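final_19.txt, holding compact mmCIF, C-alpha atoms and all ligand atoms:
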# COMPACT_ATOMS: atom_id res chain seq x y z
CA MET F 974 43.20 25.74 33.87
CA THR F 975 40.76 22.93 33.37
CA GLY F 976 39.71 21.03 30.29
CA LEU F 977 39.10 17.70 28.66
CA THR F 978 42.81 16.98 28.78
CA THR F 979 42.65 16.85 32.57
CA LEU F 980 40.92 13.48 32.23
CA ILE F 981 43.40 10.65 32.54
CA GLY F 982 43.55 7.50 30.45
CA GLN F 983 40.74 8.50 28.05
CA GLN F 984 42.65 9.62 24.97
CA ARG F 985 40.21 8.13 22.48
CA PRO F 986 36.98 9.66 23.79
CA ILE F 987 38.76 12.99 24.36
CA ARG F 988 40.02 13.08 20.79
CA MET F 989 36.58 12.26 19.42
CA LEU F 990 34.97 15.01 21.51
CA CYS F 991 37.64 17.56 20.59
CA ASN F 992 37.20 16.80 16.92
CA ALA F 993 33.46 17.35 17.30
CA LEU F 994 34.17 20.67 19.03
CA ILE F 995 36.54 21.74 16.25
CA ASN F 996 33.91 21.01 13.64
CA ASP F 997 31.12 22.57 15.69
CA SER F 998 29.38 19.24 15.43
CA ILE F 999 28.78 18.26 19.03
CA PRO F 1000 25.82 15.88 18.80
CA HIS F 1001 22.64 16.98 20.58
CA ALA F 1002 22.67 13.79 22.59
CA LEU F 1003 25.78 12.01 23.79
CA LEU F 1004 25.83 8.74 25.69
CA PHE F 1005 28.95 8.12 27.76
CA THR F 1006 29.30 4.55 28.95
CA GLY F 1007 31.85 2.99 31.25
CA GLU F 1008 32.43 2.04 34.86
CA ASP F 1009 31.94 4.42 37.77
CA GLY F 1010 34.82 6.82 38.28
CA VAL F 1011 36.40 6.79 34.81
CA GLY F 1012 35.55 10.41 33.99
CA LYS F 1013 32.14 10.37 32.26
CA ALA F 1014 30.50 13.12 34.31
CA THR F 1015 33.74 15.11 34.41
CA ALA F 1016 33.88 15.03 30.60
CA ALA F 1017 30.28 16.29 30.43
CA ILE F 1018 31.12 19.17 32.77
CA GLU F 1019 34.25 20.04 30.79
CA ILE F 1020 32.37 20.13 27.48
CA ALA F 1021 29.73 22.40 29.00
CA LYS F 1022 32.52 24.69 30.24
CA VAL F 1023 34.37 24.73 26.92
CA CYS F 1024 31.16 25.56 25.06
CA ASN F 1025 30.37 28.51 27.34
CA CYS F 1026 33.71 29.71 28.74
CA ALA F 1027 34.22 33.46 28.45
CA GLY F 1028 37.94 32.82 28.06
CA ILE F 1029 37.55 30.87 24.82
CA SER F 1030 36.64 33.25 22.08
CA GLY F 1031 36.82 33.37 18.33
CA SER F 1032 37.36 30.43 16.09
CA ARG F 1033 37.71 26.96 17.44
CA LYS F 1034 39.83 25.94 14.49
CA PRO F 1035 43.15 24.54 15.68
CA GLN F 1036 46.36 26.15 14.62
CA LYS F 1037 48.72 24.17 12.46
CA ASP F 1038 50.73 21.39 14.08
CA THR F 1039 48.84 21.53 17.34
CA ALA F 1040 46.89 18.57 18.71
CA PRO F 1041 43.17 19.41 18.84
CA GLU F 1042 43.10 18.58 22.56
CA GLN F 1043 45.31 21.60 23.27
CA HIS F 1044 42.55 23.96 22.17
CA PHE F 1045 39.92 22.88 24.60
CA ALA F 1046 41.04 24.10 27.94
CA ALA F 1047 38.30 26.13 29.60
CA CYS F 1048 39.71 28.93 31.75
CA GLY F 1049 38.17 27.52 34.93
CA ILE F 1050 37.85 30.99 36.48
CA CYS F 1051 35.22 32.90 34.50
CA ARG F 1052 31.69 33.02 35.94
CA TYR F 1053 30.45 30.35 33.53
CA CYS F 1054 33.24 27.92 34.33
CA ARG F 1055 32.93 28.40 38.06
CA ARG F 1056 29.16 28.05 38.16
CA ILE F 1057 29.14 24.99 35.91
CA GLU F 1058 31.88 23.42 38.03
CA HIS F 1059 29.87 24.03 41.20
CA GLY F 1060 26.59 22.92 39.69
CA THR F 1061 24.98 26.34 40.20
CA HIS F 1062 24.68 27.48 36.58
CA PRO F 1063 20.97 27.87 35.68
CA ASP F 1064 21.60 26.46 32.18
CA PHE F 1065 23.54 23.42 33.30
CA HIS F 1066 20.95 20.92 34.46
CA VAL F 1067 21.94 17.79 36.32
CA ILE F 1068 19.44 14.98 36.72
CA LYS F 1069 20.48 12.10 38.93
CA PRO F 1070 18.67 9.32 40.75
CA ALA F 1071 16.46 10.48 43.62
CA GLY F 1072 16.90 7.38 45.75
CA ALA F 1073 17.28 4.33 43.52
CA TYR F 1074 15.63 5.74 40.37
CA ILE F 1075 15.27 8.73 38.10
CA ARG F 1076 11.53 9.30 38.16
CA ILE F 1077 9.15 10.68 35.57
CA ASP F 1078 8.40 13.84 37.60
CA GLN F 1079 12.11 14.75 37.43
CA ILE F 1080 12.01 14.48 33.63
CA ARG F 1081 8.71 16.39 33.46
CA GLU F 1082 10.20 19.20 35.53
CA LEU F 1083 13.24 19.25 33.22
CA CYS F 1084 10.95 19.49 30.17
CA GLY F 1085 9.20 22.46 31.76
CA ARG F 1086 12.48 24.26 32.31
CA LEU F 1087 13.77 23.49 28.81
CA ALA F 1088 10.58 24.93 27.31
CA LEU F 1089 11.75 28.34 28.59
CA LYS F 1090 14.58 30.30 26.99
CA PRO F 1091 18.07 29.75 28.45
CA ASP F 1092 18.90 32.19 31.25
CA GLU F 1093 22.27 33.30 29.96
CA ALA F 1094 24.33 30.49 28.46
CA SER F 1095 24.79 30.26 24.73
CA ASN F 1096 24.82 26.49 24.97
CA ARG F 1097 22.58 24.79 27.48
CA PHE F 1098 23.59 21.37 28.83
CA VAL F 1099 21.68 18.59 30.53
CA LEU F 1100 23.63 15.86 32.30
CA ILE F 1101 21.56 12.77 33.02
CA ALA F 1102 23.79 10.83 35.39
CA ASP F 1103 23.15 7.10 35.81
CA ALA F 1104 20.59 7.23 33.01
CA HIS F 1105 20.11 3.47 33.38
CA THR F 1106 18.17 4.15 36.58
CA MET F 1107 15.35 5.85 34.64
CA ASN F 1108 12.18 3.83 34.87
CA PRO F 1109 10.45 3.18 31.51
CA GLU F 1110 8.00 6.09 31.95
CA ALA F 1111 10.87 8.51 32.63
CA GLY F 1112 12.82 7.03 29.71
CA ASN F 1113 9.92 7.52 27.32
CA ALA F 1114 9.38 11.09 28.51
CA LEU F 1115 13.07 11.82 27.90
CA LEU F 1116 12.88 10.21 24.48
CA LYS F 1117 10.32 12.82 23.43
CA ILE F 1118 12.75 15.68 24.14
CA LEU F 1119 15.64 13.83 22.54
CA GLU F 1120 13.59 13.48 19.38
CA GLU F 1121 12.93 17.21 19.22
CA PRO F 1122 15.59 18.93 21.31
CA PRO F 1123 15.26 22.66 21.98
CA GLU F 1124 17.78 24.81 20.12
CA ALA F 1125 21.37 24.95 21.45
CA THR F 1126 20.57 22.36 24.08
CA PHE F 1127 22.85 19.36 24.53
CA PHE F 1128 22.19 16.19 26.46
CA VAL F 1129 24.84 13.96 27.98
CA LEU F 1130 23.68 10.65 29.42
CA THR F 1131 25.95 8.43 31.48
CA ALA F 1132 25.46 4.71 32.11
CA PRO F 1133 27.57 1.59 32.66
CA ASP F 1134 26.63 0.10 29.28
CA THR F 1135 24.29 0.62 26.32
CA GLN F 1136 22.34 -2.52 27.13
CA ASP F 1137 21.22 -0.94 30.42
CA LEU F 1138 19.09 1.61 28.51
CA LEU F 1139 16.04 1.57 26.28
CA PRO F 1140 17.26 0.83 22.72
CA THR F 1141 15.21 3.77 21.46
CA ILE F 1142 17.23 6.10 23.69
CA VAL F 1143 20.56 4.57 22.66
CA SER F 1144 19.67 5.02 19.00
CA ARG F 1145 19.08 8.76 19.58
CA CYS F 1146 22.54 9.30 21.08
CA ARG F 1147 26.11 9.31 19.84
CA HIS F 1148 27.74 6.61 21.92
CA VAL F 1149 31.18 7.28 23.43
CA ARG F 1150 32.81 4.46 25.37
CA PHE F 1151 35.04 5.34 28.34
CA ASN F 1152 37.46 2.54 29.15
CA PRO F 1153 38.83 1.57 32.55
CA ILE F 1154 41.87 3.78 33.20
CA PRO F 1155 45.06 1.81 32.51
CA GLN F 1156 46.72 0.70 35.73
CA LYS F 1157 50.03 2.37 34.96
CA GLU F 1158 48.47 5.79 34.31
CA LEU F 1159 46.33 5.49 37.41
CA ALA F 1160 49.36 4.59 39.56
CA GLU F 1161 51.40 7.50 38.19
CA TYR F 1162 48.54 9.93 38.81
CA LEU F 1163 48.03 8.66 42.37
CA GLY F 1164 51.73 8.94 43.08
CA TRP F 1165 51.67 12.54 41.93
CA ARG F 1166 48.44 13.49 43.63
CA SER F 1167 48.87 11.83 47.03
CA GLU F 1168 51.62 11.00 49.45
CA LEU F 1169 51.61 7.34 48.51
CA ASP F 1170 54.93 5.74 47.68
CA ASN F 1171 55.29 3.92 44.36
CA GLU F 1172 54.46 0.48 45.73
CA ASN F 1173 51.28 1.59 47.51
CA ALA F 1174 50.20 3.65 44.49
CA ALA F 1175 50.66 0.59 42.26
CA THR F 1176 48.69 -1.61 44.66
CA ILE F 1177 45.79 0.81 44.92
CA ALA F 1178 45.78 1.32 41.13
CA SER F 1179 45.52 -2.45 40.73
CA LEU F 1180 42.71 -2.78 43.30
CA ALA F 1181 40.75 0.20 41.92
CA ARG F 1182 40.29 -1.65 38.62
CA GLY F 1183 40.42 1.35 36.35
CA SER F 1184 38.29 3.72 38.44
CA LEU F 1185 39.85 7.02 39.50
CA SER F 1186 37.15 7.81 42.06
CA ARG F 1187 37.59 4.41 43.69
CA ALA F 1188 41.37 4.87 43.73
CA LEU F 1189 41.09 8.34 45.28
CA ASP F 1190 38.71 7.05 47.96
CA MET F 1191 41.23 4.36 48.78
CA ALA F 1192 44.13 6.80 48.82
CA SER F 1193 42.37 9.45 50.90
CA GLU F 1194 41.65 7.46 54.01
CA ASP F 1195 43.81 5.01 55.80
CA TRP F 1196 42.68 2.31 53.45
CA MET F 1197 45.94 0.34 53.43
CA THR F 1198 45.92 -0.03 57.21
CA ARG F 1199 42.31 -1.19 57.10
CA ARG F 1200 43.03 -3.67 54.33
CA ASN F 1201 46.04 -5.12 56.16
CA PHE F 1202 44.03 -5.46 59.36
CA ILE F 1203 41.09 -7.20 57.66
CA ILE F 1204 43.31 -9.62 55.73
CA GLN F 1205 45.35 -10.46 58.79
CA ARG F 1206 42.12 -11.26 60.68
CA LEU F 1207 40.80 -13.39 57.80
CA CYS F 1208 44.00 -15.45 57.71
CA ARG F 1209 43.95 -16.12 61.43
CA LEU F 1210 40.20 -16.68 61.75
CA PRO F 1211 40.24 -20.50 61.36
CA GLN F 1212 42.64 -20.90 64.32
CA GLN F 1213 40.72 -18.60 66.67
CA PRO F 1214 38.28 -19.71 69.39
CA PRO F 1215 34.58 -18.76 68.98
CA ALA F 1216 34.83 -15.73 71.28
CA PHE F 1217 37.47 -14.17 68.99
CA ARG F 1218 35.38 -14.86 65.91
CA LEU F 1219 32.37 -13.18 67.48
CA ALA F 1220 34.54 -10.22 68.47
CA PHE F 1221 35.50 -9.86 64.82
CA ALA F 1222 31.82 -9.93 63.81
CA GLU F 1223 31.08 -7.31 66.46
CA MET F 1224 33.85 -5.08 65.13
CA LEU F 1225 32.44 -5.41 61.60
CA ALA F 1226 28.93 -4.54 62.83
CA ALA F 1227 30.31 -1.41 64.48
CA GLU F 1228 31.77 -0.41 61.09
CA ARG F 1229 28.35 -0.52 59.41
CA ALA F 1230 29.11 2.53 57.24
CA LYS F 1231 32.33 0.95 55.96
CA LEU F 1232 30.95 -2.53 55.30
CA GLU F 1233 30.89 -2.17 51.51
CA VAL F 1234 34.60 -1.26 51.54
CA ILE F 1235 35.36 -4.14 53.92
CA PHE F 1236 33.41 -6.64 51.81
CA GLU F 1237 35.33 -5.52 48.76
CA ILE F 1238 38.65 -6.01 50.56
CA MET F 1239 37.53 -9.51 51.57
CA LYS F 1240 36.31 -10.45 48.10
CA ASN F 1241 39.47 -9.18 46.44
CA TRP F 1242 41.50 -11.27 48.88
CA TYR F 1243 39.66 -14.53 48.15
CA ARG F 1244 39.64 -13.69 44.47
CA ASP F 1245 43.44 -13.37 44.61
CA LEU F 1246 43.74 -16.72 46.40
CA ALA F 1247 41.57 -18.30 43.68
CA VAL F 1248 43.55 -16.96 40.70
CA PHE F 1249 47.07 -17.14 42.14
CA ALA F 1250 47.82 -20.77 41.21
CA HIS F 1251 47.20 -20.25 37.50
CA PHE F 1252 47.52 -16.50 36.99
CA PRO F 1253 49.93 -15.16 39.63
CA GLY F 1254 50.45 -12.01 37.56
CA HIS F 1255 46.73 -11.16 37.78
CA ILE F 1256 46.36 -10.70 41.53
CA TYR F 1257 45.02 -7.33 42.75
CA ASN F 1258 46.93 -7.23 46.07
CA GLN F 1259 50.27 -7.21 44.35
CA ASP F 1260 52.22 -6.19 47.43
CA LEU F 1261 50.96 -9.28 49.33
CA ARG F 1262 52.28 -11.85 46.87
CA GLU F 1263 54.14 -13.93 49.47
CA GLN F 1264 51.24 -13.89 51.89
CA ILE F 1265 48.90 -15.00 49.09
CA ARG F 1266 51.30 -17.76 48.11
CA SER F 1267 51.34 -19.22 51.61
CA ALA F 1268 47.58 -18.72 52.22
CA CYS F 1269 46.81 -20.63 49.01
CA LYS F 1270 48.55 -23.70 50.39
CA GLN F 1271 46.27 -23.78 53.40
CA GLU F 1272 42.90 -23.70 51.65
CA SER F 1273 41.40 -25.68 48.79
CA LEU F 1274 39.98 -23.80 45.82
CA GLU F 1275 36.55 -25.12 46.77
CA THR F 1276 36.78 -23.58 50.27
CA ILE F 1277 38.02 -20.29 48.85
CA LEU F 1278 35.08 -20.08 46.45
CA GLU F 1279 32.63 -21.01 49.21
CA LYS F 1280 33.97 -18.16 51.34
CA SER F 1281 33.62 -15.73 48.47
CA ASP F 1282 30.01 -16.90 48.02
CA ALA F 1283 29.40 -16.40 51.75
CA ILE F 1284 30.42 -12.74 51.39
CA ASP F 1285 28.02 -12.33 48.46
CA ARG F 1286 25.22 -13.82 50.56
CA ALA F 1287 25.95 -11.48 53.47
CA GLN F 1288 26.00 -8.47 51.13
CA LYS F 1289 22.69 -9.50 49.64
CA ALA F 1290 21.13 -10.09 53.06
CA LEU F 1291 22.28 -6.68 54.28
CA SER F 1292 21.01 -4.88 51.20
CA GLY F 1293 17.60 -6.26 52.24
CA ASN F 1294 16.46 -5.80 55.79
CA ALA F 1295 18.49 -8.54 57.47
CA ASN F 1296 19.62 -8.17 61.06
CA VAL F 1297 23.15 -6.80 60.68
CA ARG F 1298 24.73 -8.55 63.63
CA LEU F 1299 23.15 -11.90 62.81
CA ALA F 1300 24.22 -11.72 59.15
CA LEU F 1301 27.80 -10.87 60.18
CA ASP F 1302 27.93 -13.64 62.82
CA VAL F 1303 26.91 -16.13 60.14
CA LEU F 1304 29.44 -14.71 57.68
CA VAL F 1305 32.33 -14.83 60.13
CA MET F 1306 31.49 -18.45 61.09
CA GLU F 1307 31.55 -19.40 57.40
CA LEU F 1308 34.84 -17.58 56.83
CA ALA F 1309 36.37 -19.35 59.83
CA GLU F 1310 35.84 -22.85 58.43
ZN ZN F 1401 35.92 30.01 31.61
Would it be possible to restate this file's structure as structure tokens?
Amino acid sequence: MTGLTTLIGQQRPIRMLCNALINDSIPHALLFTGEDGVGKATAAIEIAKVCNCAGISGSRKPQKDTAPEQHFAACGICRYCRRIEHGTHPDFHVIKPAGAYIRIDQIRELCGRLALKPDEASNRFVLIADAHTMNPEAGNALLKILEEPPEATFFVLTAPDTQDLLPTIVSRCRHVRFNPIPQKELAEYLGWRSELDNENAATIASLARGSLSRALDMASEDWMTRRNFIIQRLCRLPQQPPAFRLAFAEMLAAERAKLEVIFEIMKNWYRDLAVFAHFPGHIYNQDLREQIRSACKQESLETILEKSDAIDRAQKALSGNANVRLALDVLVMELAE
């Protein structure tokens, strides 16, 4: 069984969408906003399934005394459900950035396909993921279809925020805001889904900042071991001789593919050191409270903020074409001060 109710921590958007389903008033264009990994694309897929599932027949009117959410569980096993889930249904179109942007030729191709009759689905869906990456030409081309959508065709756009899109597009869509998933719900879900004990689940839920996909990434690999290793190295860096510092930079360079994760671990650590004095309850690395307490005593707030800035600079340099090893050598020297 699948369905909108499988989304966690999004009761408000789910209820709104279920009410629209009950009243057969799903808007032709929906805009789901919120951070990465809170369930926007999953919700789009679930609506497409519910609107086409062979297992849901007859009236969508809820029976008495039953929450509307209970009625919108797609079967998950019929041919529609399976093909939508796997992205192979010919009437479920997914447009996502090709490289950094969604380009006008992708939207033109979509328009061409929408001009034809649907292959088999009674309700055709278009998911435009990361709609904020549309360049203005692509956005204007999409606007034309949103203004005169083909029959029984529904658009779902996802983006971090409304201000990231052309106002003319926002005004054509019903906006549904997805909030960060509450920490407690995320921790409970992780505890159920993975082998994490309660403390580790709570720590990852805190560090994932409301994003299920981020939390699952952290839970799936040996993220805790990596985090502990990186933080231990950061704490000892100032006392180490230059050869050890360079060895650390070399190790980071060898982990090129994991650098974004490592930078995030580092930034969260310095962020925790910066907030601990005034907001000890707001640290992300909740299981390292004592270590944070003692590390705070050894560094001034100014130094902590400088180190955090140094990580930002390294990230920026590496997103350009900087020499990886050189950028990491510089970073490690700055973190060692
Ligand atoms: Zn089904």
Exercise for the section: Show me which residues sit within 9 Å of ligand ZN 1401 (chain F) when counting all atoms listed in the file, and put them as a PyMOL selection string. Expected result: chain F and resi 974-975+1022-1023+1025-1029+1046-1055
Practice task
Pick out the closest residue to Lys1280 in chain F from this set: F:Leu1100, F:Ala1250, F:Ile1204, F:Met1239. Count only C-alpha atoms.
Solution key: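 Nearest to Lys1280 in chain F: F:Met1239.
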Handout entry: Selected residue, from F:Arg1206, F:Arg1076, F:Arg1200, F:Arg1266, that lies nearest to Asp1245 in chain F when counting all atoms listed in the file
Key =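 Looking at the shortest contact to Asp1245 in chain F, the residue is F:Arg1266.
Closest to Ile1018 in chain F among F:Gly1293, F:Gly982, F:Gly1060, F:Pro1123 is F:Gly1060, based on all atoms listed in the file.
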Could you list, as an mmCIF file with C-alpha atoms, in the frame of the given file, every residue within 10 Å of Leu1210 in chain F, counting all atoms listed in the file and ignoring same-chain residues fewer than 6 positions away?
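Contents of result.cif, as written:
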data_model
loop_
_atom_site.group_PDB
_atom_site.id
_atom_site.type_symbol
_atom_site.label_atom_id
_atom_site.label_comp_id
_atom_site.auth_asym_id
_atom_site.auth_seq_id
_atom_site.Cartn_x
_atom_site.Cartn_y
_atom_site.Cartn_z
ATOM 1 C CA ILE F 1204 43.310 -9.620 55.730
ATOM 2 C CA PHE F 1217 37.470 -14.170 68.990
ATOM 3 C CA ARG F 1218 35.380 -14.860 65.910
ATOM 4 C CA PHE F 1221 35.500 -9.860 64.820
ATOM 5 C CA VAL F 1305 32.330 -14.830 60.130
ATOM 6 C CA MET F 1306 31.490 -18.450 61.090
ATOM 7 C CA LEU F 1308 34.840 -17.580 56.830
ATOM 8 C CA ALA F 1309 36.370 -19.350 59.830
ATOM 9 C CA GLU F 1310 35.840 -22.850 58.430
#
Exercise for the section: Find, counting only C-alpha atoms, the residue in F:Arg1145, F:His1059, F:His1105, F:Arg1097 that gets nearest to Ile1075 in chain F. Expected result: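 Using only C-alpha atoms, the shortest distance to Ile1075 in chain F belongs to F:His1105.
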